[in-house]
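J.: Structure in structure tokens, see below.
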Amino acid sequence: MIEPTEKEIDGMKFYFHPLPAFTAAKMDARVLALLAPILGGLKDLNLNASIDTETMARGASEALIKLSEGDLEEFAMKLLSATTYFKEGTPTPIEITTELINMEFKGKLQTLYKLLFAVMKYNKFSPFVLGTGGKGILAMFTSSVPEIKGTKSGKKSEMSENSQEK
């Protein structure tokens with residue numbers, strides 16, 4: 001389980017809570033769809049190698065530009081739905097609303113993007129865990145594929161025996 005955490009971005013303090021599972025899954029799929037052309041352009045992607053977060057963020061920025069205005073706002077608001085803002089001089093955190101974003105991020109667009117990426121990374125969205133020792137989404141799918149040549153115990157699996165008979 002992801003624990004709530006406080007994060008400071010460009011002098012602004014936020015409190016991150018995990019997104020609900022289905023919300024995170026739907027948004028992760030949307031991010032992957034946006035990033036697919038960028039990820040497809042990476043040659044020789046090694047899941048055990050580290051992917052430069054700055055490069056990924058730059059690619060994600062390019063992908064976000066492809067969203068319509070309404071889609072971008074809806075995406076950002078869903079992404080920030082479990083995040084609160086500690087405004088200087090207020091005793092309690094404030095819910096992030098469209099109005100708050102328009103007021104607090106005026107002239108700070110890069111800070112807004114940094115916040116969105118930090119929330120995606122905190123919620124372990126696939127693009128931000130791909131390449132971290134192979135524990136990203138591709139590793140999850142390939143780990144369920146049965147072994148063809150034999151099991152880890154050295155015995156042949158039924159699948160490999162059946163394939164040899166044919």
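By convention in this document, the chains of the structure tokens carry letters A, B, ... by their order, each chain's residues are numbered from 1, and ligands are numbered from 1 in the order they are shown.
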Residues near segment 5-20 of chain A, anyone? I mean within 6 Å using only C-alpha atoms, not counting same-chain ones fewer than 6 positions away, as a ChimeraX atom specification.

T.: /A:82-86

J.: For each of A:Gly70, A:Ser81, A:Val31, A:Phe105, take the minimum atom-to-atom distance to Lys121 of chain A, counting only C-alpha atoms, then give the residue where this is smallest.

T.: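 Distance minimum relative to Lys121 of chain A lands on A:Val31.
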
J.: Which residue out of A:Phe75, A:Glu104, A:Pro91, A:Ile2 has the minimum interatomic distance to Asp28 of chain A when only C-alpha atoms are used?

T.: A:Phe75

J.: So that I can check the surroundings of Lys26 of chain A, please list as a VMD selection string every protein, DNA and RNA residue that reaches within 12 Å of it, counting only C-alpha atoms and ignoring chain neighbours fewer than 3 positions away.

T.: chain A and resid 19 to 23 29 to 33 75 78 to 79 125 to 126
